[in-house]
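Have a look at the structure below, then the notes.
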Amino acid sequence: MTEYQNTEKQQEEAIDIKAILFKFSHYWYYFIISILFCLFVAFLYCRYSKPIYSVSSTLLIRDDNNSQLGAENLLEGLEIFSGRTNLKNEIALLNSHTITKQVIEDLGFGISYFKHGKIITSVLYENLPFKVTIDSLHPQITGGDFFITILSDTEYKLNVNIDDEYAYNIIKERFEKSILVDINLEEIYKFGQVVETDGFSFVLNKNDNYFNPLSSFDEYKFSFTFHSIASLIGKYVRLTTINPINKDASVLKLNIRGNSPRKNIDFLNKLTDVYIKNGLDEKNKMATNTVEFIEKQLINVSDSLSLIESSLEKFKSENPKLAVTYEEFGTFHQIQKLYNDLSVIETHHKYYESLLTYVEENENNEKMVAPSSMGINDPLLNSLIGRLSELYAEQEELRLTSQQKNPRLISIESQIRNLKSNLIENIKNIIASSQISKNDLKSRVKSFETEIETLPKSERDYVYLQRKFTLSENIYKYLLEKKEEAKIAKAGNVSDHKVIDVARLDSKIPISPKRNLSYFLAIILGFGIPMIVISLRDFFSNTIKSKSDLMDSTKIPILGVIGHSDKPTNLVVLKNPKSALSESFRAIRTNIQYLAVEKERKVIAISSSIGSEGKTFCAINLASVFALAGHKTMLIGADLRKPKIHEDFGVEETIGLSTYLINKCSVKELIQ
């Protein structure tokens with residue numbers, strides 16, 4: 001029994017699918033019209049939409065594990081300021097407002113130019129019809145359209161319509177709330193003439209190479225727009241996407257999408273150039289600081305050396321017969337060695353004091369000099385300064401991409417304060433230790449000077465002058481050596497990052513609009529729209545259209561189905577006994593005979609609540625099919641308002657059911 005029910009259910013489902021397909025096929029012309037319309041809309045969309053192109057470039061970022069030849073390998077001590085990078089930080093730096101602003105300003109993106117066709121407005125970038133030079137000292141309206149119509153070789157018409165806009169101060173990079181501009185301007189100006197109002201000031205110069213001499217100027221319609229630097233920065237930061245090419249590589253892919261591929265190519269190339277240049281400048285900063293510090297020290301030492309050298313030459317000229325045999329004075333050589341050591345300690349001591357002052361008074365490491373660049377090899381000091389530099393770099397990157405209340409930024413600032421406190425304490429301890437060493441050397445020098453006091457006065461004076469000269473000369477040579485090391489390191493410095501692929505189009509085919517996809521979706525919609533409309537219409541319809549509608553709505557058995565008749569007469573069974581309609585009535589007659597078999601006389605009533613639904617037609621033909629089968633049949637027309645049976649049989653309507661009901665005729669008189 002279950003298998004039978006499943007089979008019957010499957011048959012019903014198959015019949016339903018066929019019925020649905022048949023229902024939709026009945027409206028085939030709707031589908032044809034809908035598909036053609038959708039394809040036409042898709043064509044218009046592809047034809048008149050602005051194409052969007054994808055531009056990409058790739059950039060190699062130095063990994064923390066990479067070791068490259070650079071300044072940090074040539075100048076001892078700069079390694080603590082070398083490129084220790086974090087890929088996420090570099091992505092944030094590349095997409096920061098600071099670098100984007102620098103790129104926009106270098107490329108001159110502050111003004112956009114457009115060419116207007118009958119339908120499409122295209123962006124102009126390289127071959128411009130004219131060049132606008134703005135007065136940066138004058139407030140300018142941003143975001144408004146300045147429409148230009150070229151009238152001749154010397155004149156153009158300017159149309160501007162701006163309502164209640166604040167002027168933008170280019171120098172201060174902010175809107176002037178005190179200058180509210182309302183302009184409705186349509187004037188003719190000459191090329192090269194200053195155009196000035198309360199809301200703008202500029203000069204427009206025509207590019208003669210853009211125009212075809214044989215063409216009429218009337219066909220050229222252009223416009224340009226001023227932009228605020230903040231809006232441009234926000235736009236390009238949003239449009240630029242930067243991601244690693246895979247999780248194991250330190251190669252970044254930079255991508256930007258827009259209507260002007262040449263403009264976006266220039267933007268990405270400039271972005272990578274500025275990023276690499278800024279990174280190299282940052283890397284050279286320590287060498288530059290070292291050279292500046294040493295040069296300041298050299299000025300003082302050079303003055304002292306020149307003074308001592310003059311004194312020594314004067315002393316020799318005054319004592320031409322003086323002769324000192326250095327080999328006989330071991331004390332002299334020892335004191336010279338002590339003075340050499342003392343000169344180095346004094347140089348280091350000055351560096352420590354300078355470093356302490358800088359750390360206490362500054363909140364960055366821009367002017368800090370590396371300890372090892374001064375010949376100081378203190379692992380703890382180098383470690384503290386290196387860690388402080390990393391924290392400063394991370395703090396700066398977070399400030400570019402987050403709010404002041406960012407928990408990570410607050411944590412880093414706290415770490416910087418603690419580390420600076422430890423560094424200051426460490427430097428003070430080093431200064432104290434350096435002072436002890438210096439005092440010890442001075443004490444030892446003093447003991448040797450006591451021995452020198454036993455020499456004759458002239459020789460003793462000569463030894464003192466020679467000692468001072470040698471001391472200053474050693475310091476000068478030491479500083480010169482460190483200065484040259486720093487210069488060599490700076491000259492041989494290279495960027496940690498490099499461009500692998502310059503910016504280029506990912507494909508000559510625009511990513512939008514996609515023609516194939518557009519036409520495919522148009523065909524899908526062309527099929528879908530009629531299907532939805534037809535389904536909704538059938539869903540909300542309250543009309544019975546098929547046998548299945550009755551079977552789904554009621555459990556009353558159906559004896560048969562009568563189709564629509566296109567014959568000019570209602571007497572289909574009598575005049576067309578072999579037609580399909582006649583067979584339908586015969587089938588109903590057969591089924592009726594099986595109902596109430598025990599009754600000899602059957603009364604069949606045909607009724608409906610709405611006129612013109614076929615009551616008369618069904619009654620006439622059903623009575624006819626029973627009569628043709630030899631059954632005594634009486635057909636009673638009970639439509640008292642609009643009787644029609646008499647018309648089909650050609651009988652008079654003088655008497656009928658109504659006259660019988662009011663007792664004006666008998667049954668015999670009634671029957672015709």
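By convention in this document, the chains of the structure tokens carry letters A, B, ... by their order, each chain's residues are numbered from 1, and ligands are numbered from 1 in the order they are shown.
DSSP annotation of range 480-638 of chain A from backbone atoms: strand (DSSP E or B) residues are Lys498, Val499, Ile500, Asp501, Val502, Ala503, Arg504, Leu505 and Ser512 of chain A.
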query = In Å, how far is it from CA of Val194 in chain A to CA of Val132 in chain A?
reply = 10.5 Å
request  = Determine which residues of range 370-541 of chain A receive a DSSP assignment of helix (DSSP H, G or I), computed from the backbone, and state them as a ChimeraX atom specification.
outcome  = /A:371-374,379-401,407-452,457-491,515-540
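Near range 221-226 of chain A, within a cut-off of 8 Å and counting only C-alpha atoms, sit the residues Gly110, Ile111, Ser112, Tyr113, Phe114, Lys115, His116, Gly117, Gln140, Ile141, Thr142, Gly143, Gly144, Asp145, Phe146, Phe147, Ile148, Thr149, Ile150, Asp218, Glu219 and Ser228 of chain A, with same-chain residues fewer than 2 positions away left out.
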Would you save the residues of that selection, restricted to C-alpha atoms, as an mmCIF file, in the first residue's frame?
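See out.cif below for the written result:
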```
data_model
loop_
_atom_site.group_PDB
_atom_site.id
_atom_site.type_symbol
_atom_site.label_atom_id
_atom_site.label_comp_id
_atom_site.auth_asym_id
_atom_site.auth_seq_id
_atom_site.Cartn_x
_atom_site.Cartn_y
_atom_site.Cartn_z
ATOM 1 C CA GLY A 110 44.251 69.011 -6.426
ATOM 2 C CA ILE A 111 42.360 69.769 -9.654
ATOM 3 C CA SER A 112 40.371 67.251 -11.738
ATOM 4 C CA TYR A 113 39.492 67.794 -15.405
ATOM 5 C CA PHE A 114 36.507 66.335 -17.296
ATOM 6 C CA LYS A 115 35.228 66.119 -20.855
ATOM 7 C CA HIS A 116 31.462 65.986 -21.348
ATOM 8 C CA GLY A 117 29.880 63.964 -24.141
ATOM 9 C CA GLN A 140 38.825 78.496 -3.123
ATOM 10 C CA ILE A 141 35.521 76.681 -3.518
ATOM 11 C CA THR A 142 35.999 72.888 -3.480
ATOM 12 C CA GLY A 143 33.736 70.205 -4.897
ATOM 13 C CA GLY A 144 31.882 72.545 -7.268
ATOM 14 C CA ASP A 145 31.882 72.151 -11.066
ATOM 15 C CA PHE A 146 33.380 74.900 -13.230
ATOM 16 C CA PHE A 147 31.987 74.358 -16.743
ATOM 17 C CA ILE A 148 34.096 75.583 -19.650
ATOM 18 C CA THR A 149 32.960 76.122 -23.238
ATOM 19 C CA ILE A 150 35.765 76.963 -25.680
ATOM 20 C CA ASP A 218 31.482 74.493 -30.049
ATOM 21 C CA GLU A 219 31.779 70.706 -29.783
ATOM 22 C CA SER A 228 40.301 69.875 -0.599
#
```
message = Env of Arg174 in chain A: 10 Å cut, atoms = only C-alpha atoms, seq-sep filter 5 positions within chain, self excluded. Answer as a count of residues only.
response = 8
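Residue nearest Ala623 in chain A within the list A:Gly234, A:Gly650, A:Leu571, A:Thr357: A:Leu571 [criterion: smallest interatomic distance, only C-alpha atoms].
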request  = Tell me, as a list in words, which residues lie within 9 Å of range 349-356 of chain A, counting only C-alpha atoms; anything in the same chain fewer than 5 positions away does not count.
outcome  = Phe293, Val344, Glu361, Met368, Val369, Pro371, Met374, Leu423, Ile424, Ile427, Lys428, Ile430, Ile431, Ser434, Gln435 and Lys438 of chain A
ask   = Which polymer residues have any atom within 8 Å of an atom of Pro129 in chain A, counting only C-alpha atoms, with same-chain residues fewer than 6 positions away left out, as number ranges by chain?
value = A: 206-208, 210-211
Could the residues in this selection be saved with C-alpha atoms as a PDB file, in the first residue's frame?
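Output contents, as saved in out.pdb:
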```
ATOM      1  CA  LYS A 206      44.568  76.796 -23.231  1.00  0.00           C
ATOM      2  CA  ASN A 207      46.612  73.908 -24.626  1.00  0.00           C
ATOM      3  CA  ASP A 208      46.647  74.467 -28.408  1.00  0.00           C
ATOM      4  CA  TYR A 210      44.835  69.384 -27.705  1.00  0.00           C
ATOM      5  CA  PHE A 211      42.465  70.837 -30.299  1.00  0.00           C
TER       6      PHE A 211
END
```
